[in-house]
$ cat run31.cif   # mmCIF, C-alpha atoms
data_protein
#
loop_
_atom_site.label_atom_id
_atom_site.label_comp_id
_atom_site.auth_asym_id
_atom_site.auth_seq_id
_atom_site.Cartn_x
_atom_site.Cartn_y
_atom_site.Cartn_z
CA MET A 1 1.45 23.77 22.60
CA THR A 2 3.60 20.84 21.47
CA PRO A 3 3.08 20.05 17.76
CA ILE A 4 1.64 16.67 16.87
CA PRO A 5 3.36 15.48 13.70
CA TYR A 6 1.37 13.74 11.00
CA LEU A 7 4.01 10.97 11.00
CA ASP A 8 6.67 10.51 13.69
CA LEU A 9 9.37 8.21 12.32
CA PRO A 10 11.96 9.38 14.90
CA ALA A 11 9.69 8.07 17.68
CA GLN A 12 9.74 4.61 16.14
CA MET A 13 13.47 4.81 15.50
CA ARG A 14 14.16 5.44 19.18
CA THR A 15 12.45 2.19 20.22
CA ILE A 16 14.59 -0.02 17.95
CA ARG A 17 17.73 2.04 17.38
CA LYS A 18 20.12 -0.29 19.21
CA ASP A 19 19.01 -3.39 17.28
CA VAL A 20 18.96 -1.56 13.95
CA ASP A 21 22.44 -0.13 14.50
CA ALA A 22 23.78 -3.62 15.25
CA ALA A 23 22.09 -5.11 12.18
CA ILE A 24 23.42 -2.39 9.88
CA ALA A 25 26.90 -2.76 11.38
CA ARG A 26 26.87 -6.49 10.53
CA THR A 27 25.87 -5.66 6.96
CA LEU A 28 28.71 -3.15 6.70
CA ASP A 29 31.20 -5.61 8.19
CA ASN A 30 30.11 -8.27 5.69
CA CYS A 31 30.10 -5.75 2.80
CA SER A 32 26.82 -7.33 1.65
CA PHE A 33 25.46 -4.14 0.15
CA CYS A 34 23.36 -5.56 -2.69
CA LEU A 35 21.02 -8.45 -1.89
CA GLY A 36 23.11 -10.74 0.34
CA PRO A 37 22.28 -12.74 3.49
CA ASP A 38 20.22 -10.03 5.19
CA VAL A 39 17.87 -9.79 2.22
CA VAL A 40 17.65 -13.57 1.90
CA GLN A 41 16.74 -13.89 5.57
CA PHE A 42 14.16 -11.14 5.34
CA GLU A 43 12.60 -12.80 2.27
CA LYS A 44 12.26 -16.04 4.21
CA GLU A 45 10.73 -14.36 7.26
CA PHE A 46 8.35 -12.12 5.34
CA ALA A 47 7.08 -15.05 3.27
CA GLN A 48 6.34 -16.90 6.51
CA PHE A 49 4.67 -13.79 7.96
CA CYS A 50 2.33 -13.56 4.96
CA GLY A 51 1.71 -17.30 4.80
CA ALA A 52 3.32 -17.51 1.37
CA GLN A 53 5.88 -19.91 -0.07
CA HIS A 54 8.02 -17.27 -1.79
CA CYS A 55 9.08 -13.67 -1.22
CA ILE A 56 11.22 -11.81 -3.75
CA ALA A 57 12.64 -8.51 -2.50
CA PHE A 58 12.95 -5.46 -4.76
CA ASN A 59 14.34 -1.96 -4.61
CA SER A 60 10.80 -0.50 -4.48
CA GLY A 61 7.15 -1.41 -4.50
CA THR A 62 6.88 0.17 -7.94
CA SER A 63 9.49 -2.26 -9.27
CA ALA A 64 7.61 -5.16 -7.72
CA LEU A 65 4.40 -4.10 -9.46
CA HIS A 66 6.23 -3.68 -12.78
CA VAL A 67 7.69 -7.18 -12.57
CA ALA A 68 4.29 -8.59 -11.58
CA MET A 69 2.87 -7.33 -14.86
CA LEU A 70 5.76 -8.94 -16.75
CA LEU A 71 5.24 -12.25 -14.97
CA LEU A 72 1.65 -12.26 -16.23
CA ASP A 73 2.83 -11.42 -19.77
CA VAL A 74 0.81 -8.20 -19.79
CA GLY A 75 1.98 -6.20 -22.78
CA ARG A 76 1.24 -3.60 -25.41
CA ASP A 77 -2.46 -2.88 -26.02
CA ASP A 78 -3.56 -5.15 -23.17
CA GLU A 79 -5.84 -3.82 -20.42
CA VAL A 80 -5.64 -4.15 -16.65
CA ILE A 81 -8.60 -3.24 -14.45
CA THR A 82 -7.66 -1.18 -11.41
CA THR A 83 -8.69 1.71 -9.19
CA PRO A 84 -8.45 5.46 -9.86
CA MET A 85 -8.15 6.15 -6.11
CA THR A 86 -4.60 5.26 -5.06
CA PHE A 87 -0.98 6.28 -5.50
CA VAL A 88 0.02 6.45 -9.15
CA ALA A 89 2.59 3.62 -8.95
CA THR A 90 -0.21 1.07 -9.34
CA SER A 91 -0.99 2.47 -12.78
CA TRP A 92 2.68 3.08 -13.64
CA ALA A 93 3.27 -0.68 -13.60
CA ILE A 94 0.55 -1.16 -16.20
CA SER A 95 1.87 1.68 -18.34
CA TYR A 96 5.49 0.48 -18.12
CA VAL A 97 4.61 -2.67 -20.08
CA GLY A 98 2.64 -0.75 -22.71
CA ALA A 99 -0.77 -1.75 -21.38
CA LYS A 100 -3.76 0.45 -20.56
CA PRO A 101 -5.13 1.06 -17.07
CA VAL A 102 -8.90 0.59 -17.12
CA TYR A 103 -10.44 2.22 -14.10
CA VAL A 104 -13.48 1.17 -12.11
CA ASP A 105 -15.13 3.32 -9.46
CA ILE A 106 -14.67 2.69 -5.75
CA ASP A 107 -16.88 1.57 -2.89
CA ASP A 108 -17.95 4.62 -0.92
CA ALA A 109 -17.40 3.01 2.50
CA THR A 110 -13.95 1.42 2.08
CA PHE A 111 -12.44 3.49 -0.79
CA ASN A 112 -11.49 0.21 -2.49
CA LEU A 113 -12.36 -1.01 -5.97
CA ASP A 114 -16.09 -1.79 -6.16
CA PRO A 115 -16.36 -5.51 -7.03
CA LYS A 116 -19.84 -5.05 -8.53
CA LEU A 117 -18.44 -2.89 -11.32
CA ILE A 118 -15.49 -5.03 -12.43
CA GLU A 119 -17.26 -7.44 -14.78
CA LYS A 120 -18.73 -4.62 -16.87
CA ALA A 121 -15.21 -3.31 -17.51
CA ILE A 122 -13.86 -6.60 -18.87
CA THR A 123 -13.12 -6.72 -22.61
CA PRO A 124 -11.29 -9.19 -24.87
CA ARG A 125 -8.13 -7.14 -24.16
CA THR A 126 -8.34 -7.51 -20.36
CA LYS A 127 -5.32 -9.41 -19.00
CA ALA A 128 -5.53 -8.94 -15.22
CA ILE A 129 -7.34 -7.36 -12.27
CA LEU A 130 -5.26 -5.22 -9.90
CA PRO A 131 -7.09 -4.12 -6.74
CA VAL A 132 -5.43 -2.04 -4.01
CA HIS A 133 -5.91 -2.60 -0.29
CA LEU A 134 -6.19 1.14 0.25
CA TYR A 135 -5.28 2.84 3.53
CA GLY A 136 -4.67 -0.60 5.08
CA HIS A 137 -8.26 -1.82 4.62
CA PRO A 138 -8.53 -5.05 2.58
CA ALA A 139 -10.40 -4.96 -0.70
CA ASN A 140 -13.42 -7.27 -0.88
CA LEU A 141 -11.52 -10.10 -2.51
CA GLU A 142 -14.04 -12.94 -2.65
CA PRO A 143 -16.36 -11.43 -5.30
CA MET A 144 -13.34 -10.12 -7.22
CA LEU A 145 -11.78 -13.59 -7.29
CA ALA A 146 -15.10 -15.04 -8.46
CA VAL A 147 -15.16 -12.65 -11.43
CA ALA A 148 -11.48 -13.35 -12.13
CA LYS A 149 -12.09 -17.09 -12.15
CA LYS A 150 -15.18 -16.77 -14.35
CA HIS A 151 -13.19 -14.88 -16.99
CA ASN A 152 -9.92 -16.77 -16.47
CA LEU A 153 -8.08 -13.64 -15.37
CA PRO A 154 -5.24 -13.44 -12.85
CA LEU A 155 -5.66 -11.15 -9.86
CA VAL A 156 -2.71 -9.30 -8.32
CA GLU A 157 -3.04 -7.67 -4.90
CA ASP A 158 -1.44 -4.27 -4.46
CA SER A 159 -0.71 -4.58 -0.76
CA ALA A 160 1.63 -1.60 -0.50
CA GLN A 161 -0.42 -0.07 2.32
CA ALA A 162 -1.74 -3.18 4.02
CA HIS A 163 1.01 -5.17 5.73
CA ASP A 164 -0.66 -7.42 8.34
CA ALA A 165 -4.23 -6.57 7.30
CA LYS A 166 -6.63 -9.52 7.29
CA TYR A 167 -9.47 -10.60 5.02
CA LYS A 168 -11.86 -13.06 6.66
CA GLY A 169 -9.24 -13.83 9.28
CA ARG A 170 -6.41 -14.49 6.83
CA LYS A 171 -3.57 -12.11 6.12
CA ILE A 172 -3.76 -10.45 2.76
CA GLY A 173 -1.06 -11.33 0.26
CA THR A 174 -1.87 -14.85 -0.91
CA PHE A 175 -5.36 -14.52 -2.35
CA GLY A 176 -4.31 -13.63 -5.89
CA GLU A 177 -1.59 -14.96 -8.17
CA MET A 178 0.81 -12.71 -6.28
CA SER A 179 0.87 -9.70 -4.04
CA CYS A 180 3.09 -6.63 -4.21
CA PHE A 181 4.29 -4.77 -1.12
CA SER A 182 6.08 -1.47 -0.63
CA PHE A 183 8.54 -0.79 2.17
CA TYR A 184 8.75 2.96 1.60
CA PRO A 185 9.77 4.55 4.95
CA GLY A 186 6.27 5.77 5.81
CA LYS A 187 4.63 2.36 5.34
CA ASN A 188 3.55 0.17 8.26
CA LEU A 189 6.68 -1.86 7.58
CA GLY A 190 9.11 0.71 6.22
CA ALA A 191 12.75 0.50 5.21
CA TYR A 192 15.32 3.25 5.75
CA GLY A 193 15.04 4.06 2.06
CA GLU A 194 13.13 2.38 -0.74
CA GLY A 195 12.09 -1.26 -0.84
CA GLY A 196 9.43 -3.64 -2.10
CA ALA A 197 8.54 -7.30 -2.54
CA ILE A 198 6.43 -9.81 -4.42
CA VAL A 199 4.98 -12.70 -2.42
CA THR A 200 3.52 -15.69 -4.23
CA ASN A 201 2.90 -19.41 -3.99
CA ASN A 202 3.87 -19.89 -7.64
CA ALA A 203 7.44 -21.23 -7.89
CA ALA A 204 7.74 -20.35 -11.59
CA TYR A 205 6.75 -16.74 -10.97
CA ALA A 206 9.21 -16.55 -8.08
CA ALA A 207 12.11 -17.88 -10.16
CA ARG A 208 11.47 -15.51 -13.04
CA ALA A 209 11.00 -12.56 -10.67
CA ARG A 210 14.42 -13.23 -9.14
CA SER A 211 15.93 -13.28 -12.61
CA LEU A 212 14.18 -10.13 -13.82
CA ARG A 213 15.26 -8.10 -10.78
CA GLU A 214 18.89 -9.03 -11.49
CA HIS A 215 19.38 -8.11 -15.15
CA GLY A 216 17.48 -11.13 -16.47
CA SER A 217 20.16 -13.43 -15.12
CA THR A 218 20.25 -16.65 -13.13
CA GLN A 219 23.98 -17.11 -13.73
CA ARG A 220 26.31 -14.13 -13.63
CA TYR A 221 27.08 -12.63 -17.04
CA TYR A 222 24.51 -14.89 -18.75
CA HIS A 223 21.20 -13.16 -19.48
CA ASP A 224 18.08 -15.06 -20.48
CA GLU A 225 15.91 -12.01 -21.19
CA VAL A 226 16.00 -8.24 -20.87
CA GLY A 227 16.02 -7.58 -17.14
CA PHE A 228 16.37 -4.76 -14.64
CA ASN A 229 18.50 -3.61 -11.76
CA TYR A 230 15.71 -3.94 -9.19
CA ARG A 231 17.71 -5.54 -6.37
CA MET A 232 17.09 -4.68 -2.73
CA GLU A 233 20.05 -3.21 -0.86
CA GLY A 234 21.52 -5.30 1.93
CA ILE A 235 21.06 -2.55 4.50
CA GLN A 236 17.33 -2.39 3.75
CA GLY A 237 17.05 -6.13 4.26
CA ALA A 238 18.78 -5.79 7.62
CA VAL A 239 16.50 -2.95 8.75
CA LEU A 240 13.34 -4.71 7.59
CA GLY A 241 14.39 -7.89 9.36
CA ILE A 242 14.53 -6.02 12.66
CA LYS A 243 11.30 -4.13 12.10
CA LEU A 244 9.35 -7.21 11.01
CA LYS A 245 9.72 -8.59 14.55
CA HIS A 246 7.67 -5.62 15.81
CA LEU A 247 5.07 -5.42 13.03
CA SER A 248 2.30 -7.41 14.72
CA GLN A 249 2.49 -5.25 17.84
CA TRP A 250 2.68 -2.06 15.77
CA THR A 251 -0.47 -3.15 13.94
CA LYS A 252 -2.27 -3.57 17.26
CA GLU A 253 -1.17 -0.07 18.27
CA ARG A 254 -2.41 1.39 14.99
CA GLN A 255 -5.75 -0.32 15.56
CA ARG A 256 -5.82 1.13 19.08
CA VAL A 257 -5.39 4.63 17.64
CA GLY A 258 -7.97 4.08 14.91
CA HIS A 259 -10.58 2.69 17.28
CA ARG A 260 -9.97 5.50 19.75
CA TYR A 261 -10.55 8.06 17.00
CA HIS A 262 -13.82 6.24 16.24
CA GLU A 263 -14.95 6.83 19.82
CA LEU A 264 -13.80 10.42 20.16
CA LEU A 265 -15.01 11.64 16.75
CA ALA A 266 -18.29 9.73 16.57
CA ASP A 267 -20.33 12.82 17.43
CA THR A 268 -18.77 15.04 14.74
CA PRO A 269 -20.12 15.60 11.20
CA LEU A 270 -17.11 13.73 9.79
CA GLN A 271 -17.54 10.54 7.80
CA LEU A 272 -15.19 8.18 9.64
CA PRO A 273 -13.41 5.10 8.27
CA LYS A 274 -15.45 1.92 8.44
CA GLU A 275 -14.16 -1.61 8.78
CA ALA A 276 -16.21 -4.09 6.79
CA PRO A 277 -17.37 -7.13 8.81
CA TRP A 278 -14.98 -9.35 6.87
CA ALA A 279 -11.99 -7.04 7.30
CA GLU A 280 -9.33 -6.29 9.86
CA SER A 281 -7.68 -3.06 8.78
CA ALA A 282 -3.99 -2.43 9.36
CA TYR A 283 -4.80 1.30 9.65
CA HIS A 284 -1.98 2.52 7.46
CA LEU A 285 -3.96 5.78 7.30
CA TYR A 286 -6.91 7.17 9.20
CA VAL A 287 -8.88 9.02 6.54
CA VAL A 288 -11.92 11.12 7.44
CA ARG A 289 -14.27 12.89 5.02
CA HIS A 290 -16.06 16.22 4.99
CA PRO A 291 -17.07 18.74 2.29
CA ARG A 292 -15.13 21.45 4.16
CA ARG A 293 -11.95 19.37 4.09
CA ASP A 294 -9.65 22.22 3.07
CA GLU A 295 -10.88 24.47 5.88
CA LEU A 296 -10.47 21.67 8.41
CA LYS A 297 -6.94 21.05 7.18
CA LYS A 298 -6.01 24.71 7.70
CA HIS A 299 -7.57 24.65 11.16
CA LEU A 300 -5.60 21.56 12.19
CA GLU A 301 -2.34 22.99 10.87
CA ALA A 302 -2.97 26.33 12.58
CA ASN A 303 -3.31 24.39 15.83
CA LYS A 304 -0.09 22.44 15.20
CA VAL A 305 -1.78 19.14 14.34
CA GLY A 306 -0.27 17.46 11.30
CA CYS A 307 -2.49 16.09 8.55
CA ALA A 308 -2.21 15.11 4.88
CA LEU A 309 -4.16 14.61 1.65
CA HIS A 310 -4.39 11.12 0.09
CA TYR A 311 -5.21 11.55 -2.83
CA PRO A 312 -6.52 14.97 -3.98
CA LEU A 313 -6.84 14.13 -7.69
CA PRO A 314 -7.94 10.68 -8.92
CA LEU A 315 -5.69 9.01 -11.45
CA HIS A 316 -8.14 9.22 -14.35
CA LEU A 317 -8.01 13.04 -14.12
CA GLN A 318 -4.22 13.29 -13.89
CA LYS A 319 -2.49 15.07 -16.77
CA CYS A 320 -0.26 12.06 -17.42
CA TYR A 321 -3.34 9.95 -18.23
CA ALA A 322 -5.24 12.49 -20.32
CA ASN A 323 -4.67 10.19 -23.31
CA LEU A 324 -6.99 7.59 -21.77
CA GLY A 325 -9.93 9.88 -22.53
CA TYR A 326 -11.60 9.95 -19.13
CA GLU A 327 -13.43 13.12 -18.14
CA GLU A 328 -14.64 14.54 -14.86
CA GLY A 329 -17.73 12.63 -13.79
CA ALA A 330 -16.48 9.29 -15.07
CA PHE A 331 -16.04 7.93 -11.53
CA PRO A 332 -18.15 10.12 -9.24
CA VAL A 333 -17.55 8.19 -6.03
CA ALA A 334 -13.78 8.45 -6.33
CA GLU A 335 -13.97 12.09 -7.40
CA LYS A 336 -16.14 13.05 -4.44
CA ALA A 337 -13.89 11.18 -2.02
CA ALA A 338 -10.81 12.93 -3.40
CA LYS A 339 -12.37 16.32 -2.63
CA GLU A 340 -13.37 15.37 0.91
CA CYS A 341 -10.63 13.11 2.28
CA LEU A 342 -8.20 14.15 5.00
CA SER A 343 -5.69 11.92 6.80
CA LEU A 344 -5.23 12.41 10.55
CA PRO A 345 -2.09 11.41 12.46
CA ILE A 346 -1.84 7.67 13.05
CA TYR A 347 1.21 5.67 14.09
CA PRO A 348 1.96 3.16 16.85
CA GLU A 349 3.67 5.70 19.09
CA LEU A 350 0.74 8.15 19.16
CA THR A 351 -0.20 8.65 22.81
CA GLU A 352 -3.65 8.87 24.36
CA ALA A 353 -3.01 12.53 25.16
CA GLN A 354 -2.10 13.23 21.53
CA ILE A 355 -5.16 11.39 20.25
CA GLN A 356 -7.38 13.42 22.57
CA ARG A 357 -5.68 16.63 21.45
CA VAL A 358 -6.37 15.83 17.78
CA ALA A 359 -10.01 15.12 18.62
CA GLU A 360 -10.31 18.36 20.59
CA VAL A 361 -9.00 20.42 17.69
CA VAL A 362 -11.44 18.72 15.31
CA HIS A 363 -14.33 19.40 17.69
CA ASP A 364 -13.26 23.02 18.02
CA PHE A 365 -13.46 23.42 14.24
CA PHE A 366 -17.09 22.34 14.11
CA LYS A 367 -18.02 24.37 17.21
CA SER A 368 -16.69 27.53 15.58
CA ALA A 369 -18.30 26.79 12.20
#
$ encode --input "run31.cif" --output "structure tokens"
Amino acid sequence: MTPIPYLDLPAQMRTIRKDVDAAIARTLDNCSFCLGPDVVQFEKEFAQFCGAQHCIAFNSGTSALHVAMLLLDVGRDDEVITTPMTFVATSWAISYVGAKPVYVDIDDATFNLDPKLIEKAITPRTKAILPVHLYGHPANLEPMLAVAKKHNLPLVEDSAQAHDAKYKGRKIGTFGEMSCFSFYPGKNLGAYGEGGAIVTNNAAYAARARSLREHGSTQRYYHDEVGFNYRMEGIQGAVLGIKLKHLSQWTKERQRVGHRYHELLADTPLQLPKEAPWAESAYHLYVVRHPRRDELKKHLEANKVGCALHYPLPLHLQKCYANLGYEEGAFPVAEKAAKECLSLPIYPELTEAQIQRVAEVVHDFFKSA
């Protein structure tokens, strides 16, 4: 029985290895190791891909989120409304500037921030709204933007998991004041190391972001404010430039896998992912739900099918945020989802035979229950 990995990066590497090797070789020949022409070209192409005027590349998605908070002048004792159901980097950015993450429960169907609950969480200290397009499925932006406009609050999209996802036919990334992407290797568009970006249509934000990522400097050795070493490496720009050419097709392949799972698992007791009528998911993850999640995980692993947990403990219950004063029961939808969620293998190279094998193993679990 050939194992089915949860994520198969070598399979993707084999399809583009020749082009990537050539791109990296050019970077090495040019000795453009930090920013440089490959990063500049990628910024231009990714901005066009997202339909944005500006893209500023960073050394990680976390850095991009941090700088986004600085661009909005979020600071000590301010509050930013966000989701408890995501990777912790979203909240780190808020904490880095001395502000407080204020969590709102999620929508049970999409796992994203529930727009109906945002307005109740707004206080005089609220400085921004930070939704996440979780698992590649767009957040319901229209009602969020309406609340943001009503209260004169900026909205920042955390798009780390949603490259090429669409909301009402338009790619996510330009609905808010800015959008932050991650290019961590496992993302739909992943570097060969860390990487991130801010995309925006605001020229002033773009200029300051470029300065902040490079030690607060627009002219070498002259520093306008305290900045950071958040520059993208040249090699990552080269790799991302090659991979971006394939992203649209990879998204279609991910959707193929996701929709096939829908068909093959429809008759199981699992709660399957749902695409809202206004959404086109990029299927970064395929997350199913069941109360016997842990048993199912062991069954899959015993049958050499990879799987993963995203995310087993919501952020409001993490030890690092105990000071916020949240207790179990504060966000019941997120807490229940965290106990039931399991991610199945999904990547563009997953074959029909592999998809069917995953489905067979899942069916076997419920037959033997």
$ closest_residue --input "run31.cif" --among "A:Ser217, A:Ser159, A:Asn59, A:Asn229" --to "His284 in chain A" --atoms "all atoms listed in the file"
A:Ser159
$ closest_residue --input "run31.cif" --among "A:Gly325, A:Gly196, A:Gly227, A:Gly258" --to "Tyr135 in chain A" --atoms "all atoms listed in the file"
A:Gly258
$ residues_around --input "run31.cif" --residues "Thr174 in chain A" --least-positions-apart "6" --cutoff "12 Å" --atoms "all atoms listed in the file" --output "list of chain:residue names"
A:Ala47, A:Gln48, A:Phe49, A:Cys50, A:Gly51, A:Ala52, A:Gln53, A:His54, A:Cys55, A:Leu141, A:Leu145, A:Leu155, A:Val156, A:Glu157, A:Asp158, A:Ser159, A:Asp164, A:Ala165, A:Lys166, A:Tyr167, A:Cys180, A:Phe181, A:Ile198, A:Val199, A:Thr200, A:Asn201, A:Asn202
$ atom_distance --input "run31.cif" --atom1 "CA of Asp19 in chain A" --atom2 "CA of Gln236 in chain A"
13.7 Å
$ closest_residue --input "run31.cif" --among "A:Val305, A:Tyr347, A:Glu142, A:Tyr6" --to "Pro115 in chain A" --atoms "all atoms listed in the file"
A:Glu142
$ resolve_selection --input "run31.cif" --expression "the PyMOL selection byres ((chain A and resi 125) around 6)" --output "list in words"
Asp78, Glu79, Thr123, Pro124 and Thr126 of chain A
$ atom_distance --input "run31.cif" --atom1 "CA of Asn303 in chain A" --atom2 "CA of Pro5 in chain A"
11.3 Å
$ closest_residue --input "run31.cif" --among "A:Leu7, A:Cys34, A:Met178, A:Met144" --to "Ala204 in chain A" --atoms "only C-alpha atoms"
A:Met178
$ resolve_selection --input "run31.cif" --expression "the PyMOL selection byres ((chain A and resi 127) around 12)" --output "PyMOL selection string"
chain A and resi 69-82+94+99-102+121-126+128-130+148+151-156
$ resolve_selection --input "run31.cif" --expression "the PyMOL selection byres ((chain A and resi 112) around 10)" --output "PyMOL selection string"
chain A and resi 82-86+104-111+113-115+131-135+137-140+334
$ atom_distance --input "run31.cif" --atom1 "CA of Val40 in chain A" --atom2 "CA of Gly237 in chain A"
7.8 Å
$ residues_around --input "run31.cif" --residues "His316 in chain A" --least-positions-apart "2" --cutoff "9 Å" --atoms "all atoms listed in the file" --output "list in words"
Pro84, Met85, Tyr103, Leu313, Pro314, Gln318, Lys319, Cys320, Tyr321, Ala322, Leu324, Gly325, Tyr326, Glu327, Glu328, Ala330 and Phe331 of chain A
$ closest_residue --input "run31.cif" --among "A:Ala146, A:Ala64, A:Val287, A:Leu189" --to "Lys243 in chain A" --atoms "only C-alpha atoms"
A:Leu189
$ closest_residue --input "run31.cif" --among "A:Ala308, A:Ala266, A:Cys341, A:Ile346" --to "Tyr283 in chain A" --atoms "all atoms listed in the file"
A:Ile346
$ residues_near_point --input "run31.cif" --point "(14.6, -11.7, -7.8)" --cutoff "7 Å" --atoms "all atoms listed in the file" --output "list in words"
Ile56, Ala57, Ala209, Arg210, Ser211, Leu212, Arg213 and Glu214 of chain A
$ residues_near_point --input "run31.cif" --point "(-0.2, -0.6, 18.7)" --cutoff "12 Å" --atoms "all atoms listed in the file" --output "PyMOL selection string"
chain A and resi 12+188+246-260+282-284+346-352
$ residues_around --input "run31.cif" --residues "Arg292 in chain A" --least-positions-apart "4" --cutoff "9 Å" --atoms "all atoms listed in the file" --output "list in words"
Leu296, Lys297, Lys339 and Glu340 of chain A
$ write_last_selection --input "run31.cif" --atoms "C-alpha atoms" --output "PDB file, in the frame of the given file"
ATOM      1  CA  LEU A 296     -10.470  21.670   8.410  1.00  0.00           C
ATOM      2  CA  LYS A 297      -6.940  21.050   7.180  1.00  0.00           C
ATOM      3  CA  LYS A 339     -12.370  16.320  -2.630  1.00  0.00           C
ATOM      4  CA  GLU A 340     -13.370  15.370   0.910  1.00  0.00           C
TER       5      GLU A 340
END
$ residues_around --input "run31.cif" --residues "Val361 in chain A" --least-positions-apart "5" --cutoff "12 Å" --atoms "only C-alpha atoms" --output "list in words"
Ile4, Leu264, Leu265, Thr268, Leu296, Lys297, Lys298, His299, Leu300, Glu301, Ala302, Asn303, Lys304, Val305, Gly306, Leu344, Gln354, Ile355, Gln356, Phe366, Lys367 and Ser368 of chain A
$ build_atoms --input "run31.cif" --residues "range 76-88 of chain A" --atoms "N, CA and C atoms" --output "short mmCIF file (atom, residue, chain, number, x, y, z; two decimals), in the frame of the given file"
data_model
loop_
_atom_site.label_atom_id
_atom_site.label_comp_id
_atom_site.auth_asym_id
_atom_site.auth_seq_id
_atom_site.Cartn_x
_atom_site.Cartn_y
_atom_site.Cartn_z
N ARG A 76 1.79 -4.70 -24.64
CA ARG A 76 1.24 -3.60 -25.41
C ARG A 76 -0.20 -3.88 -25.85
N ASP A 77 -1.05 -2.86 -25.63
CA ASP A 77 -2.46 -2.88 -26.02
C ASP A 77 -3.32 -3.79 -25.14
N ASP A 78 -2.74 -4.42 -24.14
CA ASP A 78 -3.56 -5.15 -23.17
C ASP A 78 -4.21 -4.15 -22.20
N GLU A 79 -5.16 -4.64 -21.41
CA GLU A 79 -5.84 -3.82 -20.42
C GLU A 79 -5.78 -4.49 -19.05
N VAL A 80 -5.62 -3.67 -18.04
CA VAL A 80 -5.64 -4.15 -16.65
C VAL A 80 -6.63 -3.30 -15.88
N ILE A 81 -7.58 -3.95 -15.22
CA ILE A 81 -8.60 -3.24 -14.45
C ILE A 81 -8.05 -2.90 -13.07
N THR A 82 -8.18 -1.63 -12.69
CA THR A 82 -7.66 -1.18 -11.41
C THR A 82 -8.46 0.02 -10.91
N THR A 83 -7.98 0.63 -9.84
CA THR A 83 -8.69 1.71 -9.19
C THR A 83 -8.12 3.08 -9.52
N PRO A 84 -8.96 4.10 -9.65
CA PRO A 84 -8.45 5.46 -9.86
C PRO A 84 -8.07 6.16 -8.56
N MET A 85 -8.35 5.51 -7.42
CA MET A 85 -8.15 6.15 -6.11
C MET A 85 -7.01 5.44 -5.38
N THR A 86 -5.78 5.82 -5.70
CA THR A 86 -4.60 5.26 -5.06
C THR A 86 -3.38 6.05 -5.52
N PHE A 87 -2.20 5.66 -5.01
CA PHE A 87 -0.98 6.28 -5.50
C PHE A 87 -0.72 5.81 -6.93
N VAL A 88 -0.11 6.67 -7.71
CA VAL A 88 0.02 6.45 -9.15
C VAL A 88 0.87 5.23 -9.52
#
